[in-house]
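Engineer: Sharing data26.txt here; it has compact mmCIF, C-alpha atoms.
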```txt
# COMPACT_ATOMS: atom_id res chain seq x y z
CA MET A 1 -12.03 5.52 22.62
CA SER A 2 -8.30 4.95 22.59
CA MET A 3 -5.75 7.63 23.27
CA PHE A 4 -4.88 7.72 19.58
CA GLY A 5 -8.53 8.05 18.60
CA ARG A 6 -8.98 10.95 21.01
CA LEU A 7 -5.81 12.59 19.69
CA LEU A 8 -7.03 12.22 16.10
CA ARG A 9 -10.47 13.61 16.91
CA ASP A 10 -9.07 16.54 18.85
CA ALA A 11 -6.55 17.41 16.15
CA PHE A 12 -8.62 16.98 13.01
CA GLY A 13 -12.26 16.84 14.01
CA PRO A 14 -14.73 14.05 14.66
CA HIS A 15 -14.56 12.64 11.11
CA ALA A 16 -10.80 12.33 10.81
CA LYS A 17 -9.77 8.84 9.81
CA VAL A 18 -6.27 9.31 8.48
CA MET A 19 -3.32 10.82 10.27
CA ARG A 20 0.03 11.66 8.72
CA VAL A 21 2.87 10.83 11.03
CA PRO A 22 6.48 11.92 10.76
CA MET A 23 9.21 9.39 10.17
CA PRO A 24 10.76 8.28 13.47
CA ARG A 25 14.19 9.71 14.11
CA GLY A 26 16.90 7.36 12.93
CA ALA A 27 14.59 5.32 10.72
CA ILE A 28 15.88 4.31 7.31
CA SER A 29 14.08 6.45 4.76
CA HIS A 30 12.17 4.98 1.85
CA ASP A 31 13.39 5.10 -1.72
CA ASP A 32 11.89 8.34 -3.02
CA SER A 33 13.16 8.07 -6.59
CA SER A 34 10.53 8.28 -9.30
CA LEU A 35 9.63 5.38 -11.58
CA LEU A 36 11.46 7.01 -14.49
CA GLN A 37 14.62 7.21 -12.42
CA GLN A 38 14.25 3.61 -11.26
CA ARG A 39 13.81 2.37 -14.83
CA GLY A 40 16.53 4.58 -16.27
CA TRP A 41 14.39 6.61 -18.63
CA ARG A 42 16.00 9.56 -20.39
CA ARG A 43 14.43 12.86 -21.30
CA ASN A 44 15.16 14.72 -24.49
CA GLY A 45 13.01 17.84 -24.62
CA LYS A 46 9.41 16.65 -24.60
CA GLU A 47 10.35 13.12 -25.48
CA TYR A 48 11.14 10.39 -22.99
CA SER A 49 12.70 7.04 -23.82
CA GLY A 50 13.40 4.00 -21.73
CA PRO A 51 12.20 0.52 -20.91
CA PHE A 52 8.82 -0.78 -19.79
CA ALA A 53 9.84 -3.40 -17.27
CA THR A 54 7.64 -6.36 -16.40
CA PRO A 55 8.39 -9.71 -14.76
CA PHE A 56 7.91 -11.24 -18.21
CA GLY A 57 10.29 -9.10 -20.16
CA THR A 58 11.50 -5.58 -20.86
CA PHE A 59 10.27 -3.60 -23.83
CA GLN A 60 11.75 -0.44 -25.25
CA GLY A 61 9.41 2.52 -24.97
CA ARG A 62 9.04 6.13 -26.01
CA ILE A 63 6.62 8.78 -24.79
CA GLU A 64 6.08 12.18 -26.37
CA ALA A 65 4.39 14.64 -24.08
CA ALA A 66 2.90 17.53 -26.01
CA GLY A 67 0.56 19.57 -23.88
CA ASP A 68 -2.57 17.55 -23.27
CA VAL A 69 -1.53 14.81 -25.66
CA PHE A 70 0.64 11.86 -24.73
CA ARG A 71 1.93 9.75 -27.59
CA CYS A 72 3.12 6.45 -26.23
CA TYR A 73 5.09 3.92 -28.25
CA ILE A 74 6.42 0.46 -27.50
CA LYS A 75 8.86 -1.58 -29.53
CA ASN A 76 7.98 -5.19 -30.36
CA PRO A 77 5.26 -5.61 -27.71
CA PRO A 78 4.11 -9.15 -26.89
CA MET A 79 1.10 -8.96 -29.19
CA ASP A 80 0.10 -12.58 -28.67
CA GLU A 81 -0.62 -11.69 -25.06
CA VAL A 82 -1.84 -8.14 -25.70
CA ASN A 83 -4.48 -9.49 -28.10
CA ARG A 84 -6.11 -11.23 -25.15
CA HIS A 85 -6.42 -7.98 -23.20
CA PRO A 86 -9.56 -5.85 -23.47
CA LYS A 87 -7.38 -2.87 -24.34
CA TRP A 88 -5.87 -4.50 -27.43
CA PRO A 89 -7.68 -2.12 -29.83
CA CYS A 90 -5.65 0.72 -28.33
CA PHE A 91 -2.49 -0.74 -29.89
CA SER A 92 -1.79 0.24 -33.47
CA ARG A 93 1.28 -0.03 -35.66
CA ALA A 94 3.38 3.11 -35.87
CA ASP A 95 5.31 4.10 -38.98
CA ASP A 96 8.12 1.73 -38.16
CA ALA A 97 7.22 -1.94 -38.45
CA THR A 98 8.68 -2.70 -35.04
CA TRP A 99 7.06 0.13 -33.08
CA TRP A 100 3.47 0.15 -31.91
CA ARG A 101 1.53 3.11 -30.65
CA ILE A 102 -0.68 2.92 -27.54
CA ASN A 103 -3.51 5.41 -27.69
CA ILE A 104 -3.83 7.16 -24.34
CA ALA A 105 -7.38 8.43 -23.87
CA VAL A 106 -7.23 9.61 -20.26
CA ILE A 107 -4.05 11.49 -19.54
CA PRO A 108 -2.69 11.94 -16.02
CA ILE A 109 -4.24 14.88 -14.22
CA ASP A 110 -0.79 16.18 -13.31
CA HIS A 111 0.71 15.42 -16.76
CA ASP A 112 3.09 13.02 -15.10
CA VAL A 113 4.92 10.68 -17.46
CA ASN A 114 5.61 8.23 -14.63
CA ALA A 115 1.90 7.43 -14.46
CA VAL A 116 1.89 6.51 -18.15
CA VAL A 117 4.88 4.21 -17.72
CA LEU A 118 3.24 2.54 -14.73
CA TYR A 119 -0.03 2.13 -16.64
CA VAL A 120 1.64 0.48 -19.65
CA GLU A 121 3.62 -1.86 -17.43
CA ARG A 122 0.47 -2.89 -15.55
CA LEU A 123 -1.36 -3.38 -18.84
CA LEU A 124 1.39 -5.69 -20.13
CA ILE A 125 1.40 -7.66 -16.86
CA GLU A 126 -2.38 -8.05 -17.01
CA ALA A 127 -2.13 -9.19 -20.60
CA HIS A 128 0.39 -11.87 -19.66
CA ARG A 129 -1.77 -13.04 -16.79
CA LEU A 130 -4.85 -13.19 -18.98
CA ALA A 131 -2.83 -15.28 -21.42
CA GLY A 132 -2.11 -17.68 -18.59
CA LYS A 133 1.58 -16.90 -18.19
CA ARG A 134 2.02 -16.22 -14.55
CA MET B 135 24.15 -35.98 51.92
CA ASN B 136 21.63 -37.43 49.49
CA ARG B 137 18.18 -35.84 49.62
CA ASN B 138 15.03 -37.51 48.51
CA PRO B 139 13.75 -35.68 45.35
CA GLU B 140 10.28 -35.45 46.86
CA ASP B 141 11.71 -33.71 49.93
CA THR B 142 13.53 -31.23 47.73
CA ALA B 143 10.33 -30.46 45.81
CA LEU B 144 8.39 -29.90 49.02
CA MET B 145 11.08 -27.62 50.37
CA THR B 146 11.10 -25.58 47.19
CA LYS B 147 7.31 -25.25 47.28
CA ALA B 148 7.42 -24.16 50.88
CA THR B 149 10.06 -21.55 50.09
CA ILE B 150 7.96 -20.14 47.25
CA LEU B 151 4.88 -19.96 49.45
CA ARG B 152 6.85 -18.24 52.18
CA TRP B 153 8.20 -15.66 49.76
CA THR B 154 4.94 -14.90 47.96
CA THR B 155 2.43 -15.14 50.79
CA PRO B 156 2.30 -12.92 53.84
CA SER B 157 2.98 -14.94 56.91
CA ASN B 158 -0.47 -14.31 58.39
CA GLN B 159 -2.39 -15.47 55.29
CA LEU B 160 -2.92 -18.81 53.72
CA PRO B 161 -2.09 -19.10 50.00
CA VAL B 162 -5.10 -18.23 47.85
CA PRO B 163 -5.81 -20.75 45.15
CA TYR B 164 -5.52 -19.42 41.58
CA GLU B 165 -8.83 -18.43 40.03
CA PRO B 166 -8.86 -17.77 36.30
CA VAL B 167 -10.34 -14.46 35.20
CA PRO B 168 -13.56 -15.08 33.25
CA VAL B 169 -13.22 -14.24 29.54
CA ARG B 170 -15.99 -12.23 27.91
CA LEU B 171 -16.45 -13.20 24.31
CA GLN B 172 -18.93 -10.45 23.48
CA PRO B 173 -18.19 -6.76 24.06
CA GLN B 174 -20.50 -5.20 26.58
CA GLN B 175 -21.93 -1.74 26.72
CA GLY B 176 -19.32 0.71 27.87
CA ASP B 177 -16.52 -1.73 27.18
CA ASN B 178 -14.13 0.45 25.23
CA ALA B 179 -11.28 -2.00 25.43
CA MET B 180 -12.82 -4.21 22.78
CA HIS B 181 -14.07 -1.41 20.54
CA ASP B 182 -12.90 -1.17 16.92
CA GLN B 183 -11.66 2.37 17.48
CA ASP B 184 -8.73 0.95 19.35
CA ILE B 185 -7.40 -0.72 16.20
CA THR B 186 -5.28 1.28 13.78
CA LYS B 187 -3.02 0.40 10.90
CA ARG B 188 0.13 2.18 9.86
CA ILE B 189 0.98 2.14 6.14
CA ALA B 190 3.56 3.82 3.95
CA VAL B 191 2.43 5.81 0.92
CA LYS B 192 4.80 6.16 -2.01
CA TYR B 193 4.16 8.64 -4.81
CA VAL B 194 5.14 6.79 -7.96
CA GLY B 195 5.21 9.82 -10.16
CA SER B 196 7.31 12.21 -8.17
CA THR B 197 10.16 12.54 -5.79
CA ARG B 198 7.71 13.64 -3.09
CA PRO B 199 8.89 11.80 0.01
CA THR B 200 7.19 8.61 1.01
CA GLU B 201 4.79 9.29 3.86
CA THR B 202 3.62 7.21 6.76
CA VAL B 203 -0.05 7.44 7.65
CA ILE B 204 -2.20 5.86 10.30
CA LEU B 205 -5.62 4.57 9.26
CA THR B 206 -8.57 4.07 11.55
CA PRO B 207 -11.36 1.56 10.89
CA GLY B 208 -13.63 2.48 8.02
CA THR B 209 -11.05 4.58 6.19
CA THR B 210 -11.75 4.56 2.46
CA THR B 211 -9.39 5.22 -0.41
CA ARG B 212 -11.15 8.55 -0.87
CA ASP B 213 -10.41 9.52 2.75
CA LEU B 214 -6.72 8.83 2.21
CA LEU B 215 -6.49 10.82 -1.02
CA ILE B 216 -8.33 13.78 0.47
CA ARG B 217 -6.07 13.73 3.51
CA LEU B 218 -3.05 13.79 1.20
CA ASP B 219 -4.52 16.77 -0.68
CA LEU B 220 -5.07 14.75 -3.87
CA ASP B 221 -8.17 14.72 -6.07
CA PRO B 222 -9.89 11.31 -5.69
CA ALA B 223 -11.11 11.58 -9.28
CA GLY B 224 -7.63 12.09 -10.66
CA TYR B 225 -5.51 9.76 -8.59
CA GLN B 226 -5.56 6.09 -7.69
CA VAL B 227 -4.12 4.01 -4.89
CA LEU B 228 -2.37 0.80 -5.87
CA ASP B 229 -1.32 -2.21 -3.85
CA ALA B 230 2.46 -2.28 -4.10
CA ARG B 231 2.53 -6.07 -3.83
CA ASN B 232 0.53 -6.78 -6.96
CA ASP B 233 -0.23 -3.37 -8.48
CA LYS B 234 -3.96 -3.97 -8.19
CA ASP B 235 -5.82 -0.75 -7.64
CA PHE B 236 -8.13 0.05 -4.78
CA LYS B 237 -11.44 1.54 -5.89
CA VAL B 238 -12.11 4.99 -4.59
CA ASP B 239 -14.93 3.83 -2.29
CA ASP B 240 -13.17 0.68 -1.12
CA VAL B 241 -12.64 0.44 2.61
CA LEU B 242 -8.89 0.71 2.44
CA PHE B 243 -8.52 -0.15 6.10
CA ALA B 244 -9.94 -3.61 5.50
CA ARG B 245 -7.75 -4.30 2.47
CA VAL B 246 -4.35 -3.47 3.87
CA VAL B 247 -2.38 -4.93 6.72
CA ASP B 248 -0.31 -3.05 9.23
CA GLY B 249 3.01 -2.08 7.66
CA ASP B 250 1.86 -2.29 4.05
CA LEU B 251 3.17 -0.08 1.27
CA VAL B 252 0.76 1.48 -1.22
CA HIS B 253 1.52 3.43 -4.37
CA ILE B 254 -0.26 6.55 -5.52
CA SER B 255 -0.39 7.46 -9.17
CA ALA B 256 -2.46 9.64 -11.47
CA HIS B 257 -5.22 7.92 -13.45
CA VAL B 258 -4.30 6.90 -16.99
CA GLN B 259 -6.49 5.00 -19.41
CA ALA B 260 -5.89 3.69 -22.88
CA GLY B 261 -8.70 4.14 -25.37
CA ALA B 262 -9.20 3.44 -29.02
```
Here is a file; write its structure as structure tokens.
Structural biologist:
Amino acid sequence: MSMFGRLLRDAFGPHAKVMRVPMPRGAISHDDSSLLQQRGWRRNGKEYSGPFATPFGTFQGRIEAAGDVFRCYIKNPPMDEVNRHPKWPCFSRADDATWWRINIAVIPIDHDVNAVVLYVERLLIEAHRLAGKR
Amino acid sequence: MNRNPEDTALMTKATILRWTTPSNQLPVPYEPVPVRLQPQQGDNAMHDQDITKRIAVKYVGSTRPTETVILTPGTTTRDLLIRLDLDPAGYQVLDARNDKDFKVDDVLFARVVDGDLVHISAHVQAGA
């Protein structure tokens, strides 16, 4: 067993497989800003607004976080592509003709809005790829 | 004075031999070390445990600092999440290059390369 393996076993037991290591001194630190900060989302009470950014376009979004319920909206989503995604039934028109609501069934365990933004962006990217627009 | 190139080469060779070989020994011809293709019993040098990968873990949903972790062979996504004090049922690990998620029982070690960046985010699912 290597020196590192012995160190890991001695420190965390025989089944340890992952070791957290401190950043080396002088190393450039990673960007620790959240996704909302990177995208420029704004918070107004329990409502967040900002863009869903994908390589295929940017779409205005809005998320209302009310306890265990997340209401997620997107303005003028690419429905031609979304209709090819298995999750298309989760999109429904909101009151406004331009806004669509995405029904969120499983909310983030930590009630983190960033996870919702990431999920919607990934969904839109998958939809574009399924539509053959890489 | 013009020297024959062959003489020069011989002189150089003689100088090298004199400098690298004790005066009372003849130069030993080079013998290549035999290469063993299969690890043998007790041969720790070729064991998998000697291989590790270092990856960076970024928490998408928070300003928690990005961490560096070292993975050993066989490490699953579940192992990583548990080590980071996260519930494997509530969080997912994503490949930062293409945002594809690693399943919780995937052998993460085999699916990342040294120096990779992975994202961690809470599970979200749309449903009708």
Engineer: Between CA of Arg212 (chain B) and CA of Arg122 (chain A), what is the distance, to one decimal in Å?
Structural biologist: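 CA of Arg122 (chain A) lies at a distance of 21.9 Å from CA of Arg212 (chain B).
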Engineer: Using all atoms listed in the file, what table do you get, as CSV, when you list each residue of chain A with an atom no more than 8 Å from chain B, its nearest pair of atoms, and their distance in Å rounded to one decimal, rows by chain then rising number?
Structural biologist:
```
residue,atom,partner,partner_atom,distance
A:Met1,CA,B:Gln183,CA,6.0
A:Ser2,CA,B:Asp184,CA,5.2
A:Phe4,CA,B:Asp184,CA,7.8
A:Gly5,CA,B:Gln183,CA,6.6
A:Lys17,CA,B:Thr206,CA,5.2
A:Val18,CA,B:Leu205,CA,4.8
A:Met19,CA,B:Ile204,CA,5.1
A:Arg20,CA,B:Val203,CA,4.4
A:Val21,CA,B:Val203,CA,5.6
A:Pro22,CA,B:Thr202,CA,6.8
A:Met23,CA,B:Thr202,CA,6.9
A:His30,CA,B:Thr200,CA,6.2
A:Asp31,CA,B:Thr200,CA,7.6
A:Asp32,CA,B:Thr197,CA,5.3
A:Ser33,CA,B:Thr197,CA,5.4
A:Ser34,CA,B:Ser196,CA,5.2
A:Leu35,CA,B:Val194,CA,5.9
A:Lys87,CA,B:Ala260,CA,6.9
A:Pro89,CA,B:Ala262,CA,5.8
A:Cys90,CA,B:Ala262,CA,4.5
A:Phe91,CA,B:Ala262,CA,8.0
A:Ile102,CA,B:Ala260,CA,7.0
A:Asn103,CA,B:Ala260,CA,5.6
A:Ile104,CA,B:Ala260,CA,4.3
A:Ala105,CA,B:Gly261,CA,4.7
A:Val106,CA,B:Gln259,CA,4.7
A:Ile107,CA,B:Val258,CA,5.3
A:Pro108,CA,B:Ala256,CA,5.1
A:Ile109,CA,B:Gly224,CA,5.7
A:Asp110,CA,B:Ala256,CA,7.0
A:Asp112,CA,B:Gly195,CA,6.3
A:Val113,CA,B:Gly195,CA,7.4
A:Asn114,CA,B:Gly195,CA,4.8
A:Ala115,CA,B:Ala256,CA,5.7
A:Val116,CA,B:Val258,CA,6.3
A:Tyr119,CA,B:Val258,CA,6.4
A:Arg122,CA,B:Asp233,CA,7.1
```
Engineer: Could you work out how far CA of Arg39 (chain A) lies from CA of Gly26 (chain A), giving the answer in Å with one decimal?
Structural biologist: 28.4 Å
Engineer: Which polymer residues have any atom within 8 Å of an atom of region 67-82 of chain A, counting all atoms listed in the file, with same-chain residues fewer than 5 positions away left out, as a list in words?
Structural biologist: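 Listing them by chain and then by number gives Phe59, Gln60, Gly61, Arg62, Lys87, Trp88, Ala94, Thr98, Trp99, Trp100, Arg101, Ile102, Asn103, Ile104, Ile107, His111, Leu124, Ala127, His128, Leu130 and Ala131 of chain A.
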Engineer: Quick one: axis-aligned box around all listed atoms of region 245-259 of chain B, 8 Å on every side, centre and edge lengths in Å to one decimal, written as JSON.
Structural biologist:
```
{"center_x": -2.3, "center_y": 2.4, "center_z": -5.1, "size_x": 26.9, "size_y": 30.6, "size_z": 44.6}
```
Engineer: What does the distance from CA of Asn83 (chain A) to CA of Gly132 (chain A) come to in Å, to one decimal?
Structural biologist: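 If I compute the distance from CA of Asn83 (chain A) to CA of Gly132 (chain A), I get 12.8 Å.
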